[in-house]
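Asks: Please read through the structure below; I'll follow up with questions.
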Amino acid sequence: MSKQDLTVPLSPQELRILRENGSAFAGGDSAGGEGAAESRPARILRRFKGTTPTVDVERALFWTQSFKETEGQPLILRWAKALLHYAKNATVYIDEDQLIVGRGGAPGRYGILYPELDGNTLAEAIRKLPEREVSPFSITAENARVIVEEIAPYWEGKTFHEDFARSLTEETKRLTYNNDKSLSSRFIVNETASFRSSIQWVHDYEIVLSKGFFRLKKEALASLAALDENNPVDYTEKRPFWEAVITVCDAIVLWAERHAAAAAELEKTESDPRRKAELRRISETCRYVPAYPARNFYEAAQSQWFTQMFSRIEQKTGTIISNGRMDQYLYPYYKRDKETGLLTDDDAQELLECMWAAMAQYIDLYLSDAGGAFNEGYAHWEAVTIGGQTPEGLDAVNELTYVFLKSKREFPLNYPDLAARVHSRSSRRYLAEVAETIKDGTGFPKLINDEEVVPLLLSKGANFAEAYDYSVSGCAECRMPNRDTYTSPNAYINFAAALEMVFYNGKMLKYGGERLGLETGDITQCASFDEVLDMYLKQQTYLLRHAFIQQHEIIRLRALHFATPLGSALHKLCRENCLDLHTPQIPGGIDLGYFEFIGYGTVIDSLAAIKKIVFEEKRFTLAQLKEAMKHNFEGYETIRAFMRNAPRYGNNDVYADEIGRLLDLHAQQFSEKYSKTLGVRLDLRYVPFTSHVPFGKVVSASPNGRLAWSPLSDGSSPTQGADENGPDAILLSNYATKNFHRNEHAARLLNVKLSPSCVKGEEGTQKLVSFIETWRDLKLWHIQFNVMNQETLLDAKRHPENYRNLLVRIAGYSAYFTELSEDLQNDIIARTAHGSL
């Protein structure tokens, strides 16, 4: 940034970047500025930040070794034995300066492999990982050899990916995969089950902190002893379940004890008295938790971290395992330690930030191109939930809540993904602190609205206590630990592709003459908009049909390929029914699945433009529009200009918003009719991650003037740059396109970009609070913010070396701008930057 750039207000993040680049204009008085002592978490972070992650093979290797030895045994028991084999043999590391220990790979940033998912593609994927543009990983020659020679051959023909592909009809398969060896995605009806073994999840961490794994093991032993060995169900189904629970309890305790031993060995040779004492405490803590109930805040934090980290070893949970309501279940330990003088807020913040630094080193590794494209910038959603309400319906904010917010402002790392629950009685202090944290500019926290989520959960079968106590999970979802039971990954559907199929009678330009959708006829012969709309809705329904066919097979097959003994041991209903969490339809559970509507704003704006410009104003014919689209509007700039200036979603324009509500209604009606045949709820969502970018790469020019192969609109946000009437209009359009009389819907992700000038100072804080209250009162599910000057983003593209620490909000997570593809960088830049609230 130049000197003249500083004539406009900058966010705290932008000021930090100026300081890092040695600008004399940035000042040096804020936290972490020049002259400030480097904190322990900052020292840990400095050692790995910005490095390329490495592939660690130990998990995959030990898993393969164990599975070779346990063939023929019940799957849940095989999974538990694989975890025990890992716990016995995996290398144990104690990072320098760390107070919270337990990692799944070598020092620095690392990713681990799950060959049971898509091990059939391992050899090819490993070759491409270091060179790929999106989220590359490095790998040593020796580790590559181990993968190719010792791991991949065993999984050939055994993976879920292969089994699922074999199960699909040719019609469904044609919409799902390209016809290549790796079965790469077509980005039309995109399955996500072959690059993750579960959708986002939250454990009941409180049971670990209050009981410990030794007590869970004791209860499992008692349940095992109570079985009737002459009962075939007890012997063949319940016995393996309890044996797996006992084994996994042994495994995680052993893993912790090995860390205790490693810390004790380091203590023997440590010369620094302070670090020597820290290592002694680490050793003592790891010998006690998670085996036994936590007695203080330190033990609670370490026990929680062991549990979530071992869960990452157990399975590849979509968006990474979430952390649940940390300000609630850690609060009793925090409060007691503060009252007895054992803990200060600074101590608590340091421990939490040590955990954040540990989180930041585990990188979710996707082998497939589709998985990588969906999760650009090393995406992660290990959501930490703060705020909200107690199970009794009271405001849940406490003093620990504010420690989490303070940490997010003072330790600007994109881990963890912080989610703040908001409700009608949230205090002004809480909302102001949330607003101040948003103003920092790193994209935290995202907000989730109790005023929509709680009533929806009640309507879907939850009781009040369960609904009030939900945790944010993954990108924008929620979970009720001990009541939610659905884990199957779901489909992402490219509805902009459905619109293209209307223009080309079931075909897409990207895929030549291959017929992919329905033959709905020649669009140029349509005499009314209603005929065009009817064609589109038929294509939309066709894609939904095949998404639900996919889901039928996914639900049927997953329990044959995946188990989660740790997750099951921590779930009340699994223990009561002696069933693995991946078992379809666990008695007493609520099965809340979904499907994603990708390209919502793109489709709304396209249909609105056709209705207005072609049929009402009669400026062009459908034939002329189709010809312009085939040429990507080159030579047809006038047509593009008119189509881009038609009514557009995001402007509180009833003309466009009514179309959006109709599309939403038709999708929900399909869900109502056909979800019950699957035995689950598949609700409509608008949460794209970064899939709107690769989905756009297969869609040619759209009627709204969008150019070929460019990103689609993201989530429930307006088309990039289409929102011209301010942030309030975005909220009102979002509200107007919802069908509040139905409940076959779930999360809607909403991005809003603000300039720092419009939230400057105390007045700006109050304006932002008022805006959040408006969002809350409209009962919209989710909202997140980028607070940044447009020039900052443009300069970061021109000079990435000066912006390595620039965080931007993507889709339910924040990532470093310079680690994104150029397409996604352009997508973020193209979002409207609002200068007033």
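Just so we're on the same page: first chain in the structure tokens is A, next is B, and so on; residues restart at 1 for each chain, and ligands are numbered from 1 in the order they show up.
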Do a neighbour search on Arg43 of chain A at 12 Å with only C-alpha atoms, toss out local chain neighbours closer than 5 positions, and write the hits as a PyMOL selection string.

Replies: chain A and resi 37-38+48-49+95-98+350+353-354+357+411

Asks: At a cut-off of 12 Å, can you tabulate as JSON lines every residue of segment 454-563 of chain A near segment 75-84 of chain A together with its closest atom pair and the distance in Å to one decimal, using only C-alpha atoms and ordering rows by chain then number?

Replies:
```
{"residue": "A:Arg558", "atom": "CA", "partner": "A:Leu75", "partner_atom": "CA", "distance": 11.4}
{"residue": "A:Ala559", "atom": "CA", "partner": "A:Leu75", "partner_atom": "CA", "distance": 8.7}
{"residue": "A:Leu560", "atom": "CA", "partner": "A:Leu75", "partner_atom": "CA", "distance": 7.7}
{"residue": "A:His561", "atom": "CA", "partner": "A:Leu75", "partner_atom": "CA", "distance": 7.7}
{"residue": "A:Phe562", "atom": "CA", "partner": "A:Leu75", "partner_atom": "CA", "distance": 7.4}
{"residue": "A:Ala563", "atom": "CA", "partner": "A:Ile76", "partner_atom": "CA", "distance": 5.2}
```

Asks: Using only C-alpha atoms, which of the listed residues (A:Leu537, A:Leu400, A:Met508, A:Ala244) sits closest to Ala220 of chain A?

Replies: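 Once distances to Ala220 of chain A are computed over only C-alpha atoms, the minimum belongs to A:Ala244.
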
Asks: Sort by chain and increasing residue number a table of all residues of segment 444-542 of chain A within 8 Å of segment 740-760 of chain A, each with its closest pair of atoms and their distance in Å to one decimal, counting only C-alpha atoms, and write it as a Markdown table.

Replies:
```
| residue | atom | partner | partner_atom | distance |
| --- | --- | --- | --- | --- |
| A:Leu456 | CA | A:Asn743 | CA | 6.5 |
| A:Ser459 | CA | A:Asn743 | CA | 7.1 |
| A:Lys460 | CA | A:Asn743 | CA | 7.7 |
| A:Ala476 | CA | A:Ala747 | CA | 6.1 |
| A:Glu477 | CA | A:Ala747 | CA | 6.1 |
```

Asks: Write the selection just made, keeping C-alpha atoms, as a CSV table (one decimal), in the first residue's frame?

Replies:
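Contents of result11.csv, as written:
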```
chain,number,residue,atom,x,y,z
A,456,LEU,CA,-36.4,-25.5,12.7
A,459,SER,CA,-40.1,-28.8,13.9
A,460,LYS,CA,-37.8,-31.7,12.9
A,476,ALA,CA,-22.7,-23.3,8.5
A,477,GLU,CA,-24.5,-26.4,9.9
```

Asks: Smallest atom-to-atom distance to Asp369 of chain A: which of A:Ala263, A:Leu129, A:Met355, A:Ile17, using only C-alpha atoms?

Replies: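 For Asp369 of chain A, the nearest of the given residues is A:Leu129.
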
Asks: Which one of A:Val654, A:Ala260, A:Leu342, A:Leu413 sits closest to Glu278 of chain A if you count only C-alpha atoms?

Replies: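 Of all the options, A:Ala260 lies closest to Glu278 of chain A.
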
Asks: Could you give me the residues within segment 84-242 of chain A that DSSP places in strand (DSSP E), as a VMD selection string?

Replies: chain A and resid 110 to 112 189 to 190

Asks: Using only C-alpha atoms, pick whichever of A:Arg648, A:Trp356, A:Ser197, A:Pro711 has the shortest atom-to-atom distance to His582 of chain A.

Replies: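 Closest residue, counting only C-alpha atoms: A:Ser197.
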
Asks: Using only C-alpha atoms, determine which residues lie at most 8 Å from Asn739 of chain A, disregarding the query and same-chain residues fewer than 4 positions distant; provide the list as a ChimeraX atom specification.

Replies: /A:661,664-665

Asks: Report as a PyMOL selection string all protein, DNA and RNA residues lying within 12 Å of Glu170 of chain A, evaluated on only C-alpha atoms, omitting residues in the same chain fewer than 4 positions from it.

Replies: chain A and resi 165-166+174-179+516+546+549-550

Asks: State, in Å with one decimal place, the distance from atom CA of Glu124 of chain A to atom CA of Asn190 of chain A.

Replies: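 Calculated distance between atom CA of Glu124 of chain A and atom CA of Asn190 of chain A is 20.9 Å.
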
Asks: Pick out the residues sitting within 9 Å of segment 632-635 of chain A, and hand them over as an MDAnalysis selection string; count only C-alpha atoms, and ignore anything fewer than 3 positions along from it in its own chain.

Replies: chainID A and resid 625 627:629 638:640 700:702 705:708

Asks: Taking 4 positions as the minimum chain separation for residues in the same chain, which residues sit within 9 Å of Glu452 of chain A when counting only C-alpha atoms? Answer as a list in words.

Replies: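 Close residues of Glu452 of chain A: Ile448, Leu456, Leu457, Arg776, Leu778, Lys779, Leu780 and Trp781 of chain A.
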
Asks: Using only C-alpha atoms, which residue out of A:Arg281, A:Arg809, A:Arg685, A:Lys510 lies closest to Leu418 of chain A?

Replies: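 The answer is A:Arg809, which sits nearest to Leu418 of chain A.
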
Asks: Would you pick out the contacts of Asp364 of chain A at 7 Å or less, using only C-alpha atoms, so that residues sharing its chain but fewer than 4 positions from it are not included, and give the list as JSON, numbers by chain?

Replies: {"A": [111, 378, 380]}

Asks: Give the helix (DSSP H, G or I) residues of segment 384-612 of chain A, as DSSP finds them on the backbone, and put them as an MDAnalysis selection string.

Replies: chainID A and resid 399:410 428:439 450:459 464:468 495:503 509:511 523:525 529:561 565:569 572:577 600:612
